[in-house]
$ cat my_file05.txt   # compact mmCIF, C-alpha atoms
# COMPACT_ATOMS: atom_id res chain seq x y z
CA MET A 840 -13.74 -6.31 15.83
CA ALA A 841 -13.36 -6.41 12.06
CA GLN A 842 -10.36 -4.63 10.66
CA ARG A 843 -10.85 -1.69 8.29
CA ASP A 844 -8.50 -1.42 5.36
CA PRO A 845 -7.54 2.24 4.75
CA ASP A 846 -7.44 1.60 1.00
CA GLY A 847 -10.39 -0.78 0.85
CA THR A 848 -13.23 -0.79 -1.66
CA ILE A 849 -16.93 -0.40 -0.92
CA LEU A 850 -19.13 -2.86 -2.86
CA LEU A 851 -22.85 -2.20 -3.17
CA PHE A 852 -25.04 -5.04 -4.41
CA GLY A 853 -28.19 -3.21 -5.42
CA GLY A 854 -26.66 -0.14 -7.01
CA ARG A 855 -29.98 1.69 -7.24
CA SER A 856 -31.12 0.91 -3.70
CA GLU A 857 -32.15 4.13 -1.99
CA ILE A 858 -30.83 2.95 1.37
CA GLY A 859 -27.77 1.26 -0.12
CA VAL A 860 -26.63 4.37 -2.00
CA ALA A 861 -27.29 6.55 1.05
CA LEU A 862 -25.08 4.27 3.16
CA ALA A 863 -22.41 4.05 0.47
CA ARG A 864 -22.25 7.86 0.39
CA ARG A 865 -21.39 7.87 4.08
CA LEU A 866 -18.63 5.29 3.64
CA ALA A 867 -17.33 6.63 0.32
CA PRO A 868 -14.83 9.39 1.24
CA GLY A 869 -11.37 8.32 0.10
CA ARG A 870 -12.63 4.95 -1.15
CA HIS A 871 -13.23 3.21 -4.44
CA VAL A 872 -16.91 2.27 -4.78
CA VAL A 873 -18.35 -0.47 -6.99
CA LEU A 874 -22.06 -0.38 -7.85
CA ALA A 875 -23.51 -3.74 -8.90
CA ALA A 876 -26.91 -3.54 -10.56
CA ARG A 877 -28.97 -4.39 -13.59
CA ARG A 878 -28.29 -1.90 -16.38
CA PRO A 879 -24.89 -0.78 -15.05
CA ASP A 880 -24.65 1.88 -17.75
CA ASP A 881 -27.66 3.64 -16.25
CA LEU A 882 -26.14 4.63 -12.91
CA ALA A 883 -25.07 8.19 -13.70
CA ASP A 884 -27.01 9.79 -10.83
CA GLU A 885 -25.74 7.30 -8.26
CA THR A 886 -22.17 7.66 -9.53
CA ALA A 887 -22.36 11.46 -9.35
CA ALA A 888 -23.72 11.34 -5.80
CA LEU A 889 -20.89 9.09 -4.64
CA LEU A 890 -18.20 11.19 -6.29
CA ALA A 891 -19.71 14.28 -4.69
CA ALA A 892 -19.56 12.47 -1.32
CA GLY A 893 -15.80 11.94 -1.71
CA ALA A 894 -15.36 8.62 -3.48
CA THR A 895 -12.08 8.54 -5.39
CA GLU A 896 -13.53 6.34 -8.15
CA VAL A 897 -16.87 4.72 -8.91
CA HIS A 898 -17.10 1.59 -11.03
CA THR A 899 -20.25 -0.14 -12.21
CA VAL A 900 -20.83 -3.81 -12.98
CA ALA A 901 -23.75 -5.89 -14.19
CA PHE A 902 -25.53 -7.81 -11.43
CA ASP A 903 -28.74 -9.78 -11.76
CA ALA A 904 -29.98 -10.63 -8.28
CA ASP A 905 -32.09 -13.51 -9.56
CA ASP A 906 -29.30 -15.12 -11.59
CA THR A 907 -27.95 -16.96 -8.58
CA ASP A 908 -25.66 -19.20 -10.65
CA SER A 909 -23.60 -16.14 -11.59
CA HIS A 910 -23.06 -14.82 -8.06
CA PRO A 911 -20.01 -16.83 -6.91
CA THR A 912 -18.10 -16.00 -10.10
CA LEU A 913 -19.08 -12.33 -9.89
CA VAL A 914 -18.03 -12.00 -6.24
CA ALA A 915 -14.69 -13.70 -6.95
CA ALA A 916 -14.04 -11.40 -9.91
CA LEU A 917 -14.86 -8.27 -7.89
CA VAL A 918 -12.62 -9.30 -5.02
CA GLU A 919 -9.77 -10.09 -7.39
CA LYS A 920 -10.12 -6.82 -9.31
CA HIS A 921 -11.05 -4.40 -6.54
CA GLY A 922 -9.81 -6.01 -3.32
CA PRO A 923 -9.17 -5.62 -0.52
CA ILE A 924 -12.85 -5.02 0.22
CA GLU A 925 -13.59 -2.84 3.21
CA ALA A 926 -17.37 -3.25 3.11
CA ALA A 927 -19.89 -5.17 1.03
CA ILE A 928 -23.40 -3.74 1.29
CA VAL A 929 -26.15 -6.19 0.30
CA ALA A 930 -29.16 -3.96 -0.32
CA PHE A 931 -31.30 -5.41 -3.08
CA GLY A 932 -34.82 -6.77 -2.72
CA ILE A 933 -38.49 -6.38 -3.57
CA LEU A 934 -41.55 -5.76 -1.44
CA GLY A 935 -43.98 -7.52 -3.73
CA ASP A 936 -47.76 -7.51 -3.45
CA GLN A 937 -49.10 -9.47 -0.48
CA ALA A 938 -52.64 -9.85 -1.82
CA ARG A 939 -51.36 -11.09 -5.17
CA ALA A 940 -48.85 -13.44 -3.53
CA GLU A 941 -51.60 -15.13 -1.52
CA ALA A 942 -53.19 -16.34 -4.77
CA ASP A 943 -50.31 -16.28 -7.27
CA VAL A 944 -47.71 -18.92 -6.47
CA ALA A 945 -45.26 -17.55 -9.04
CA HIS A 946 -45.34 -14.10 -7.43
CA ALA A 947 -44.85 -15.51 -3.94
CA LEU A 948 -41.89 -17.53 -5.18
CA GLN A 949 -40.40 -14.45 -6.85
CA ILE A 950 -40.46 -12.59 -3.54
CA ALA A 951 -38.92 -15.56 -1.75
CA HIS A 952 -36.26 -15.99 -4.42
CA THR A 953 -35.14 -12.36 -4.55
CA ASP A 954 -35.45 -11.53 -0.86
CA TYR A 955 -34.01 -14.76 0.56
CA LEU A 956 -32.40 -17.22 -1.86
CA ALA A 957 -30.62 -14.56 -3.89
CA GLN A 958 -29.33 -12.96 -0.69
CA VAL A 959 -27.90 -16.28 0.46
CA SER A 960 -26.20 -16.82 -2.90
CA VAL A 961 -24.38 -13.48 -2.57
CA LEU A 962 -23.60 -13.74 1.14
CA ILE A 963 -21.92 -17.15 1.07
CA PRO A 964 -19.20 -16.23 -1.46
CA LEU A 965 -18.73 -12.86 0.24
CA ALA A 966 -18.18 -14.53 3.61
CA GLN A 967 -15.71 -16.96 2.04
CA ALA A 968 -13.77 -14.09 0.50
CA PHE A 969 -13.73 -12.10 3.73
CA ARG A 970 -12.47 -15.08 5.70
CA VAL A 971 -9.53 -15.34 3.32
CA GLN A 972 -9.01 -11.58 3.45
CA ARG A 973 -9.31 -11.63 7.28
CA SER A 974 -10.90 -8.19 7.30
CA GLY A 975 -13.95 -6.29 6.13
CA THR A 976 -17.64 -5.97 6.94
CA ILE A 977 -20.71 -7.37 5.23
CA VAL A 978 -23.81 -5.21 5.76
CA VAL A 979 -27.13 -7.07 5.53
CA PHE A 980 -30.56 -5.44 5.62
CA SER A 981 -33.16 -7.44 7.48
CA SER A 982 -36.33 -5.77 8.83
CA VAL A 983 -38.50 -5.72 11.91
CA ALA A 984 -41.05 -7.35 9.57
CA GLY A 985 -39.08 -10.56 10.08
CA VAL A 986 -38.81 -10.39 13.87
CA ARG A 987 -42.42 -11.51 14.24
CA VAL A 988 -44.22 -11.99 10.94
CA ARG A 989 -47.60 -10.28 10.55
CA ARG A 990 -50.69 -11.37 8.66
CA ALA A 991 -50.59 -8.15 6.60
CA ASN A 992 -47.25 -8.90 4.90
CA TYR A 993 -46.35 -12.48 5.77
CA VAL A 994 -44.78 -13.38 2.42
CA TYR A 995 -42.25 -10.55 2.54
CA GLY A 996 -41.93 -10.85 6.32
CA SER A 997 -41.13 -14.54 6.13
CA THR A 998 -38.21 -13.87 3.78
CA LYS A 999 -36.84 -11.33 6.25
CA ALA A 1000 -37.28 -13.82 9.09
CA GLY A 1001 -35.22 -16.35 7.15
CA LEU A 1002 -32.59 -13.77 6.18
CA ASP A 1003 -32.36 -12.52 9.76
CA GLY A 1004 -31.67 -16.01 11.05
CA PHE A 1005 -29.20 -16.79 8.29
CA ALA A 1006 -27.30 -13.54 8.78
CA GLY A 1007 -27.22 -13.96 12.54
CA GLY A 1008 -25.66 -17.39 12.18
CA MET A 1009 -23.19 -16.11 9.60
CA ALA A 1010 -22.20 -13.28 11.94
CA ASP A 1011 -21.37 -15.86 14.61
CA SER A 1012 -19.40 -17.92 12.10
CA LEU A 1013 -17.26 -14.90 11.21
CA HIS A 1014 -16.38 -14.15 14.83
CA GLY A 1015 -12.63 -14.34 15.31
CA THR A 1016 -11.82 -14.27 11.59
CA GLY A 1017 -11.06 -10.54 11.38
CA ALA A 1018 -14.25 -10.02 9.35
CA ARG A 1019 -17.76 -9.34 10.60
CA LEU A 1020 -21.36 -9.06 9.53
CA LEU A 1021 -23.48 -6.04 10.50
CA LEU A 1022 -27.20 -6.85 10.54
CA ALA A 1023 -29.55 -3.87 10.18
CA ARG A 1024 -33.20 -4.13 11.25
CA PRO A 1025 -35.08 -0.99 10.19
CA GLY A 1026 -38.75 -0.44 10.81
CA PHE A 1027 -41.11 0.92 8.17
CA VAL A 1028 -39.03 2.94 5.71
CA VAL A 1029 -40.76 5.78 3.90
CA GLY A 1030 -39.25 5.78 0.43
CA GLN A 1031 -39.25 4.33 -3.05
CA MET A 1032 -40.06 0.76 -1.98
CA THR A 1033 -43.12 1.77 0.04
CA LYS A 1034 -44.48 4.69 -2.01
CA GLU A 1035 -47.04 2.51 -3.80
CA LEU A 1036 -48.28 1.15 -0.48
CA MET A 1037 -48.78 4.66 0.83
CA ALA A 1038 -50.44 5.70 -2.43
CA ASP A 1039 -52.93 2.88 -1.81
CA GLY A 1040 -53.72 4.30 1.61
CA VAL A 1041 -51.33 2.37 3.86
CA LYS A 1042 -50.15 4.66 6.64
CA PRO A 1043 -46.52 4.50 7.82
CA ALA A 1044 -46.11 2.44 10.98
CA PRO A 1045 -45.11 4.08 14.27
CA PHE A 1046 -41.40 4.95 14.47
CA SER A 1047 -41.11 5.09 10.67
CA VAL A 1048 -37.84 6.34 9.22
CA ASP A 1049 -36.50 7.37 5.82
CA ALA A 1050 -33.48 6.12 3.90
CA GLU A 1051 -31.22 8.87 5.21
CA ALA A 1052 -32.03 8.03 8.84
CA VAL A 1053 -31.38 4.33 8.18
CA ALA A 1054 -28.04 5.13 6.53
CA ASP A 1055 -27.00 7.39 9.41
CA ALA A 1056 -27.75 4.69 11.99
CA VAL A 1057 -26.03 1.92 10.05
CA ALA A 1058 -22.96 4.08 9.36
CA ARG A 1059 -22.65 4.82 13.10
CA ALA A 1060 -22.96 1.13 13.95
CA TYR A 1061 -20.41 0.30 11.26
CA ARG A 1062 -17.82 2.72 12.63
CA ARG A 1063 -18.40 1.48 16.18
CA GLY A 1064 -17.74 -2.12 15.18
CA ARG A 1065 -21.21 -3.37 16.05
CA THR A 1066 -22.81 -6.51 14.66
CA ASP A 1067 -26.44 -5.42 14.75
CA VAL A 1068 -28.50 -2.23 14.77
CA TRP A 1069 -32.24 -1.52 15.06
CA ILE A 1070 -33.54 1.61 13.36
CA PRO A 1071 -34.75 3.48 15.29
CA GLY A 1072 -33.20 1.98 18.40
CA ILE A 1073 -36.44 2.01 20.37
CA LEU A 1074 -37.76 -0.82 18.18
CA ARG A 1075 -35.40 -3.24 19.93
CA PHE A 1076 -37.44 -2.76 23.08
CA VAL A 1077 -40.83 -2.48 21.35
CA PHE A 1078 -40.36 -5.92 19.84
CA ILE A 1079 -39.56 -7.47 23.19
CA GLY A 1080 -43.19 -6.73 23.98
CA MET A 1081 -44.42 -7.58 20.48
CA ARG A 1082 -43.08 -11.12 20.80
CA LEU A 1083 -45.21 -11.62 23.90
CA LEU A 1084 -48.53 -10.49 22.41
CA PRO A 1085 -51.11 -13.28 22.21
CA ARG A 1086 -51.68 -14.48 18.64
CA ALA A 1087 -55.36 -13.47 18.77
CA ILE A 1088 -54.26 -9.85 19.19
CA TRP A 1089 -51.23 -10.08 16.91
CA ARG A 1090 -53.20 -11.29 13.88
CA ARG A 1091 -55.42 -8.19 14.00
CA LEU A 1092 -52.59 -5.68 13.95
CA PRO A 1093 -52.28 -3.53 10.82
CA ARG A 1094 -49.09 -3.42 8.78
$ encode --input "my_file05.txt" --output "structure tokens"
Amino acid sequence: MAQRDPDGTILLFGGRSEIGVALARRLAPGRHVVLAARRPDDLADETAALLAAGATEVHTVAFDADDTDSHPTLVAALVEKHGPIEAAIVAFGILGDQARAEADVAHALQIAHTDYLAQVSVLIPLAQAFRVQRSGTIVVFSSVAGVRVRRANYVYGSTKAGLDGFAGGMADSLHGTGARLLLARPGFVVGQMTKELMADGVKPAPFSVDAEAVADAVARAYRRGRTDVWIPGILRFVFIGMRLLPRAIWRRLPR
């Protein structure tokens, strides 16, 4: 089990992420929190929420998810300035537009870059730092959309499939180091990322959750020392069956 440092810092990559901030609030009491996001001077609401939740200090730093060349230097600087790191929450990403991505190569590549390549470029230096530190937890947000990719959102789903595999392998590589990776697989999340979909008439999938429910489940898994969590838990068993559905049926399923 990963060790928790009583004086450790909580890093959030994606400082405006609805789920990321909700999780950081649950881990914040008695901790320093660092919010990494574009426009770091525009995080007053997130900072206030974390201080109200019990954070002792909240710092903000500029972070461009798509500027992958800057990530190793940024991670090293944050570890040096704010370490030891108790938890690093990686919670940035975009949903994109599936219909547009099927015809617009640039848009499809943007989704792939932000939701997979940029994640990898943050996770590798974090894992290196945590191995040296020999403690701490990296929290990664995959999705059930990546467990078996659907026709309705295959561009986004494929990035989550790749991230899920990458994070699972990284979790195994951290075993025995004192650090760990916690992989979260939520179902359909009703919130800021999906509000445009719902405005266009897309109905939430069965077993949908909101950001607060996701944060509650991940915080429980974090405190119990787990390495993966499905939200809600029933989806773990639902997708055992989903994997077995014939492709002719699977391709007709809605989002």
$ closest_residue --input "my_file05.txt" --among "A:Ala861, A:Ala904, A:Ala894, A:Leu1022" --to "Ser960 of chain A" --atoms "only C-alpha atoms"
A:Ala904
$ closest_residue --input "my_file05.txt" --among "A:Val959, A:Leu917, A:Val944, A:Ala1050" --to "Leu862 of chain A" --atoms "only C-alpha atoms"
A:Ala1050
$ closest_residue --input "my_file05.txt" --among "A:Leu874, A:Ala1054, A:Leu1002, A:Val979" --to "His921 of chain A" --atoms "only C-alpha atoms"
A:Leu874
$ closest_residue --input "my_file05.txt" --among "A:Leu962, A:Ala945, A:Glu919, A:Gly1007" --to "Phe852 of chain A" --atoms "only C-alpha atoms"
A:Leu962
$ residues_around --input "my_file05.txt" --residues "His910 of chain A" --least-positions-apart "4" --cutoff "10 Å" --atoms "only C-alpha atoms" --output "list in words"
Phe902, Asp903, Ala904, Asp905, Asp906, Val914, Ala915, Ala916, Ala957, Gln958, Val959, Ser960, Val961, Leu962, Ile963, Pro964 and Leu965 of chain A
$ closest_residue --input "my_file05.txt" --among "A:Ala1018, A:Ala1058, A:Ile933, A:Thr953" --to "Ala867 of chain A" --atoms "all atoms listed in the file"
A:Ala1058
$ closest_residue --input "my_file05.txt" --among "A:Gly1072, A:Gly1001, A:Asp1049, A:Asp1011" --to "Val988 of chain A" --atoms "only C-alpha atoms"
A:Gly1001
$ residues_near_point --input "my_file05.txt" --point "(-47.9, -7.1, 5.1)" --cutoff "9 Å" --atoms "only C-alpha atoms" --output "list in words"
Asp936, Gln937, Ala938, Ala984, Val988, Arg989, Arg990, Ala991, Asn992, Tyr993, Val994, Tyr995, Gly996, Pro1093 and Arg1094 of chain A
$ write_last_selection --input "my_file05.txt" --atoms "C-alpha atoms" --output "CSV table (one decimal), in the frame of the given file"
chain,number,residue,atom,x,y,z
A,936,ASP,CA,-47.8,-7.5,-3.4
A,937,GLN,CA,-49.1,-9.5,-0.5
A,938,ALA,CA,-52.6,-9.8,-1.8
A,984,ALA,CA,-41.0,-7.4,9.6
A,988,VAL,CA,-44.2,-12.0,10.9
A,989,ARG,CA,-47.6,-10.3,10.6
A,990,ARG,CA,-50.7,-11.4,8.7
A,991,ALA,CA,-50.6,-8.2,6.6
A,992,ASN,CA,-47.2,-8.9,4.9
A,993,TYR,CA,-46.4,-12.5,5.8
A,994,VAL,CA,-44.8,-13.4,2.4
A,995,TYR,CA,-42.2,-10.6,2.5
A,996,GLY,CA,-41.9,-10.8,6.3
A,1093,PRO,CA,-52.3,-3.5,10.8
A,1094,ARG,CA,-49.1,-3.4,8.8
$ atom_distance --input "my_file05.txt" --atom1 "atom CA of Ser1047 of chain A" --atom2 "atom CA of Val1068 of chain A"
15.1 Å
$ residues_near_point --input "my_file05.txt" --point "(-11.8, 2.8, -5.9)" --cutoff "7 Å" --atoms "only C-alpha atoms" --output "PyMOL selection string"
chain A and resi 848+870-872+895-897
$ atom_distance --input "my_file05.txt" --atom1 "atom CA of Arg973 of chain A" --atom2 "atom CA of Arg1024 of chain A"
25.4 Å
$ atom_distance --input "my_file05.txt" --atom1 "atom CA of Arg1082 of chain A" --atom2 "atom CA of Gly985 of chain A"
11.5 Å
$ residues_around --input "my_file05.txt" --residues "Val900 of chain A" --least-positions-apart "5" --cutoff "10 Å" --atoms "only C-alpha atoms" --output "JSON, numbers by chain"
{"A": [852, 854, 873, 874, 875, 876, 877, 878, 879, 880, 882, 913, 917]}
$ residues_around --input "my_file05.txt" --residues "Arg1019 of chain A" --least-positions-apart "3" --cutoff "12 Å" --atoms "all atoms listed in the file" --output "PyMOL selection string"
chain A and resi 840-843+925-927+962+965-970+972-979+1006-1016+1022+1061+1064-1067
